[in-house]
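Structure record follows, encoded as structure tokens.
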Amino acid sequence: MTTITAAVAREHHAPLTLEQLELDDIRDDEVRVKMVATGICHTDAIVRDGVYPTPLPAVLGHEGAGVVEEVGKAVTTVRPGDHVLLSAAYCTHCQECRAGRMAYCENLFAQDFGGRRTDGSTALTAEDETPISSHFFGQSSFGSYANVVESSLIPIAPDAPLELLAPLGCGMQTGAGSVLNELRPPAGSSLAVTGAGAVGLAAVMAARVIGCTTIIVVDLHDSRSRLTLAEELGATHTVNAGNGDLQDQLMAATRGRGVDFVLDTTAKPQVLTEAADALAIRGTLALVGAGAPGTVAPFEIGQSLIKGWTFKTIVQGSSVPQVFIPRLVDLWSQGRFPLDKLIRHYDLADINVAFKDSKSGATVKPVVVY
């Protein structure tokens, strides 16, 4: 057993509490990782608030980065001393995993949101011996150490800055992967991104990499700071959705043709409806934003029929993290994926401030440094 410091979610809609917890011994298929940094993602917030069913109390966090300290007997991909980024866990044996579609693992909820190992145990215990949910996305990185499943590990070069690259584990992988792995817009095409948070801005950087020549970013925040940042990262047009009809503004940006691809990170029904109406013929609308269960979006079906348009949902950028995240690291090292422009660092003691700043838009991507 090892004593660790962790931020614990004990009640829905309540601040996290810093506590001393007991971390048990690693299992044969796990790795002990000393955390250096972890990103804070919207998914952490909605799980804290009960939108997804991880049992509380829990240690959340799923964009970890750290150094391997101990390796289980069955682990073959890393050794003690290796530097690693952490991403979503997957079972490795279902039909989707075996087909290389790990983002759509048939056991995704159990692997990432269950709060327990597959045998029902948790790695974490409070001082009063209360079980604390662990293995959030296979890691639970809001702690100074974690027992991490092998499928969550992505080895990277020892000189790569962990405190900078940690956010690649989920949000930025989702935005960039949705463009590069799933939508794959042809060079010269148009792409609109609704929501200028970390996911949306990662999609903007990816759209520039892949060669989109019209990149439109839509945001609802009154401040232009995010839209200005979007322009720095490659957006050719920015739209404040509060300043008029979204469909009209998207059509104007494409000179009446409509948008070839729209990636929605907001999961707001009105945004989805208006974005669908602004699609070009044979256009594609893709959703990565997480809405509350039961949320529905109406789409007009009369005039839409002749467009032959596509609606799809995308999980985790349709990526294999061990393949895709190193590619993003390479793009960053070449200056083509400047994620450092999105990041602000916080101490673990200020994790609730980081959540607040993320929600308000004061920080695009908070990263906790241990």
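Please note that chains go A, B, ... in the order of the structure tokens, that every chain numbers its residues from 1, and that ligands are numbered from 1 in the order shown.
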
Taking only C-alpha atoms into account, produce a table as JSON lines in which each residue of stretch 137-168 of chain A with an atom at most 12 Å from an atom of stretch 102-108 of chain A appears once, together with its shortest atom pair and the distance in Å to one decimal, ordered by chain and rising number.
{"residue": "A:Phe137", "atom": "CA", "partner": "A:Leu108", "partner_atom": "CA", "distance": 8.9}
{"residue": "A:Gly138", "atom": "CA", "partner": "A:Leu108", "partner_atom": "CA", "distance": 10.5}
{"residue": "A:Ser151", "atom": "CA", "partner": "A:Met102", "partner_atom": "CA", "distance": 9.7}
{"residue": "A:Ser152", "atom": "CA", "partner": "A:Met102", "partner_atom": "CA", "distance": 11.0}

Print the selection's residues with C-alpha atoms to a file, as a tab-separated table (two decimals), in the first residue's frame.
chain	number	residue	atom	x	y	z
A	137	PHE	CA	-10.43	5.81	-17.89
A	138	GLY	CA	-8.03	3.15	-16.61
A	151	SER	CA	-4.14	-0.19	-22.52
A	152	SER	CA	-4.09	3.39	-21.17

Give me the stretch 86-117 of chain A side of the contact with stretch 32-48 of chain A, cut-off 12 Å, one line per residue showing its nearest atom pair and distance in Å at one decimal, counting only C-alpha atoms, sorted by chain and residue number, as JSON lines.
{"residue": "A:Leu86", "atom": "CA", "partner": "A:Thr38", "partner_atom": "CA", "distance": 9.0}
{"residue": "A:Ser87", "atom": "CA", "partner": "A:Thr38", "partner_atom": "CA", "distance": 10.7}
{"residue": "A:Ala88", "atom": "CA", "partner": "A:Thr43", "partner_atom": "CA", "distance": 11.7}
{"residue": "A:Asp112", "atom": "CA", "partner": "A:Thr43", "partner_atom": "CA", "distance": 11.1}
{"residue": "A:Phe113", "atom": "CA", "partner": "A:Val47", "partner_atom": "CA", "distance": 8.5}
{"residue": "A:Gly114", "atom": "CA", "partner": "A:Val47", "partner_atom": "CA", "distance": 11.2}
{"residue": "A:Gly115", "atom": "CA", "partner": "A:Val47", "partner_atom": "CA", "distance": 11.2}

Selection export as an mmCIF file, in the first residue's frame, atoms kept: N, CA, C and O atoms:
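Output contents, as saved in part20.cif:
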data_model
loop_
_atom_site.group_PDB
_atom_site.id
_atom_site.type_symbol
_atom_site.label_atom_id
_atom_site.label_comp_id
_atom_site.auth_asym_id
_atom_site.auth_seq_id
_atom_site.Cartn_x
_atom_site.Cartn_y
_atom_site.Cartn_z
ATOM 1 N N LEU A 86 -1.225 9.205 -20.699
ATOM 2 C CA LEU A 86 -2.310 8.280 -20.391
ATOM 3 C C LEU A 86 -3.569 8.689 -21.135
ATOM 4 O O LEU A 86 -3.891 9.869 -21.239
ATOM 5 N N SER A 87 -4.278 7.689 -21.640
ATOM 6 C CA SER A 87 -5.497 7.938 -22.394
ATOM 7 C C SER A 87 -6.578 6.960 -21.940
ATOM 8 O O SER A 87 -6.440 6.288 -20.921
ATOM 9 N N ALA A 88 -7.648 6.875 -22.710
ATOM 10 C CA ALA A 88 -8.774 6.013 -22.348
ATOM 11 C C ALA A 88 -8.362 4.541 -22.366
ATOM 12 O O ALA A 88 -7.544 4.115 -23.187
ATOM 13 N N ASP A 112 -14.008 2.552 -18.571
ATOM 14 C CA ASP A 112 -13.662 3.948 -18.345
ATOM 15 C C ASP A 112 -14.482 4.644 -17.263
ATOM 16 O O ASP A 112 -14.020 5.614 -16.660
ATOM 17 N N PHE A 113 -15.702 4.198 -17.026
ATOM 18 C CA PHE A 113 -16.579 4.891 -16.095
ATOM 19 C C PHE A 113 -17.014 4.025 -14.907
ATOM 20 O O PHE A 113 -17.693 4.508 -14.006
ATOM 21 N N GLY A 114 -16.635 2.761 -14.889
ATOM 22 C CA GLY A 114 -17.130 1.851 -13.862
ATOM 23 C C GLY A 114 -16.586 2.106 -12.470
ATOM 24 O O GLY A 114 -17.215 1.744 -11.475
ATOM 25 N N GLY A 115 -15.384 2.685 -12.376
ATOM 26 C CA GLY A 115 -14.799 2.979 -11.080
ATOM 27 C C GLY A 115 -14.202 1.778 -10.369
ATOM 28 O O GLY A 115 -13.832 1.868 -9.193
#

Across A:Val364, A:Ala192, A:Leu342, A:Val199, the smallest distance to A:Gly171, with only C-alpha atoms counted, is shown by A:Val199

Contacts of A:Leu23 at 8 Å or less, counting only C-alpha atoms, minus same-chain residues fewer than 4 places along, as a PyMOL selection string?
chain A and resi 1-4+123-125+145-147

For those residues, write C-alpha atoms to a file as an mmCIF file, in the first residue's frame.
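Saved file selection.cif follows:
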data_model
loop_
_atom_site.group_PDB
_atom_site.id
_atom_site.type_symbol
_atom_site.label_atom_id
_atom_site.label_comp_id
_atom_site.auth_asym_id
_atom_site.auth_seq_id
_atom_site.Cartn_x
_atom_site.Cartn_y
_atom_site.Cartn_z
ATOM 1 C CA MET A 1 0.000 0.000 0.000
ATOM 2 C CA THR A 2 1.148 3.538 -0.791
ATOM 3 C CA THR A 3 -0.222 6.785 0.639
ATOM 4 C CA ILE A 4 -1.059 9.321 -2.056
ATOM 5 C CA ALA A 123 -7.269 0.518 -5.974
ATOM 6 C CA LEU A 124 -8.094 3.371 -3.596
ATOM 7 C CA THR A 125 -9.247 3.499 0.017
ATOM 8 C CA TYR A 145 0.287 8.180 -8.074
ATOM 9 C CA ALA A 146 -1.991 5.780 -9.946
ATOM 10 C CA ASN A 147 -2.203 2.097 -10.813
#

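Among the candidate residues A:Glu19, A:Leu233, A:Ile132, A:Pro326, the one lying nearest to A:Ile154 is A:Pro326, with distances computed using only C-alpha atoms.
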
Neighbouring residues of A:Thr236 were defined as those with any atom within 9 Å, considering only C-alpha atoms; residues of the same chain fewer than 2 positions away were excluded. Please report them as a list of chain:residue names.
A:Thr213, A:Thr214, A:Ile215, A:Ile216, A:Val217, A:Ala230, A:Glu231, A:Gly234, A:Thr238

So that I have them on file, write out the residues from the current selection with C-alpha atoms, as a PDB file, in the first residue's frame.
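Writing done, so here's part_23.pdb:
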ATOM      1  CA  THR A 213      -8.897  26.383 -46.775  1.00  0.00           C
ATOM      2  CA  THR A 214     -12.091  27.604 -45.111  1.00  0.00           C
ATOM      3  CA  ILE A 215     -12.045  27.033 -41.345  1.00  0.00           C
ATOM      4  CA  ILE A 216     -14.937  28.603 -39.440  1.00  0.00           C
ATOM      5  CA  VAL A 217     -15.058  28.716 -35.645  1.00  0.00           C
ATOM      6  CA  ALA A 230      -8.895  30.478 -33.071  1.00  0.00           C
ATOM      7  CA  GLU A 231      -7.679  32.913 -35.723  1.00  0.00           C
ATOM      8  CA  GLY A 234      -5.739  28.794 -38.333  1.00  0.00           C
ATOM      9  CA  THR A 238     -14.975  33.428 -36.662  1.00  0.00           C
TER      10      THR A 238
END

For A:Ile210, work out the shell of residues within 9 Å, counting only C-alpha atoms and skipping chain neighbours fewer than 4 positions away, then give it as a PDB file with C-alpha atoms, in the first residue's frame.
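Written file, part.pdb:
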ATOM      1  CA  VAL A 179     -10.666  15.671 -38.310  1.00  0.00           C
ATOM      2  CA  LEU A 180      -7.596  13.591 -39.163  1.00  0.00           C
ATOM      3  CA  ARG A 184     -10.643  13.424 -43.347  1.00  0.00           C
ATOM      4  CA  PRO A 185     -11.713  16.552 -45.252  1.00  0.00           C
ATOM      5  CA  PRO A 186     -10.016  16.949 -48.632  1.00  0.00           C
ATOM      6  CA  ALA A 187      -7.523  19.760 -49.052  1.00  0.00           C
ATOM      7  CA  MET A 205      -5.213  22.995 -35.720  1.00  0.00           C
ATOM      8  CA  ALA A 206      -5.873  19.620 -37.375  1.00  0.00           C
TER       9      ALA A 206
END

What is the distance, in Å and to one decimal place, between atom CA of A:Thr254 and atom CA of A:Ala286?
18.4 Å

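Residues in contact with A:Ser318 at 10 Å, where only C-alpha atoms are counted and same-chain residues fewer than 3 positions away are skipped, are listed as A:Gly100, A:Arg101, A:Met102, A:Ala103, A:Tyr104, A:Gln173, A:Thr174, A:Ala176, A:Gly177, A:Ser178, A:Val179, A:Leu180, A:Asn181, A:Glu182, A:Leu183, A:Thr313, A:Ile314, A:Val315, A:Pro321, A:Phe324.
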
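Atom pair atom CA of A:Asp248 / atom CA of A:Ala362 has a distance of 28.4 Å (rounded to one decimal).
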
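Our summary of the geometry notes that atom CA of A:Val204 is positioned 22.7 Å from atom CA of A:Leu162.
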
For A:Gln303, work out the shell of residues within 12 Å, counting only C-alpha atoms and skipping chain neighbours fewer than 3 positions away, then give it as a list of chain:residue names.
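Residues near the query, excluding close chain neighbours: A:Ala276, A:Asp277, A:Ala278, A:Leu279, A:Ile281, A:Phe299, A:Glu300, A:Ile306, A:Lys307, A:Gly308, A:Trp309.
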
With only C-alpha atoms as the basis for distance, which of A:Leu227, A:Leu18, A:Ile351, A:Val323 is at the shortest distance from A:Val368?
A:Ile351

Could you write out, as an MDAnalysis selection string, all the residues of stretch 38-277 of chain A that DSSP marks as strand (DSSP E or B)?
chainID A and resid 38:39 58:59 64:71 83:86 124:125 131:133 143 145:149 153:156 190:194 214:219 237:240 259:264

Closest atom pairs, stretch 28-136 of chain A residues within 12 Å of stretch 158-161 of chain A, only C-alpha atoms, as a tab-separated table:
residue	atom	partner	partner_atom	distance
A:Val36	CA	A:Pro161	CA	9.8
A:Ala37	CA	A:Pro161	CA	9.9
A:Ala65	CA	A:Pro161	CA	9.4
A:Gly66	CA	A:Pro161	CA	10.0
A:Val67	CA	A:Pro158	CA	9.1
A:Val68	CA	A:Pro158	CA	11.3
A:Gly81	CA	A:Pro158	CA	8.8
A:Asp82	CA	A:Pro158	CA	7.0
A:His83	CA	A:Pro158	CA	5.6
A:Val84	CA	A:Pro158	CA	8.6
A:Leu85	CA	A:Ala160	CA	10.3

With C-alpha atoms retained, export the selected residues as a PDB file, in the first residue's frame.
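What ended up in selection_14.pdb:
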ATOM      1  CA  VAL A  36       3.731  14.776 -13.261  1.00  0.00           C
ATOM      2  CA  ALA A  37       0.677  16.510 -14.715  1.00  0.00           C
ATOM      3  CA  ALA A  65       1.237  12.175 -17.747  1.00  0.00           C
ATOM      4  CA  GLY A  66       4.003  10.754 -15.621  1.00  0.00           C
ATOM      5  CA  VAL A  67       6.874   8.369 -15.060  1.00  0.00           C
ATOM      6  CA  VAL A  68       6.598   4.597 -14.675  1.00  0.00           C
ATOM      7  CA  GLY A  81      11.684   4.990 -15.813  1.00  0.00           C
ATOM      8  CA  ASP A  82       9.659   5.307 -19.024  1.00  0.00           C
ATOM      9  CA  HIS A  83       7.768   8.548 -19.572  1.00  0.00           C
ATOM     10  CA  VAL A  84       4.132   8.005 -20.493  1.00  0.00           C
ATOM     11  CA  LEU A  85       0.976   9.836 -21.470  1.00  0.00           C
TER      12      LEU A  85
END

Considering only alpha helix (DSSP H) as DSSP defines it on the backbone, what residues of stretch 112-354 of chain A qualify? List them as an MDAnalysis selection string.
chainID A and resid 112:113 162:165 171:177 198:210 225:233 246:253 269:277 321:333 351:354

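With only C-alpha atoms as the basis for measurement, A:Val209 is the residue among A:Val271, A:Pro293, A:Lys356, A:Val209 that approaches A:Pro338 most closely.
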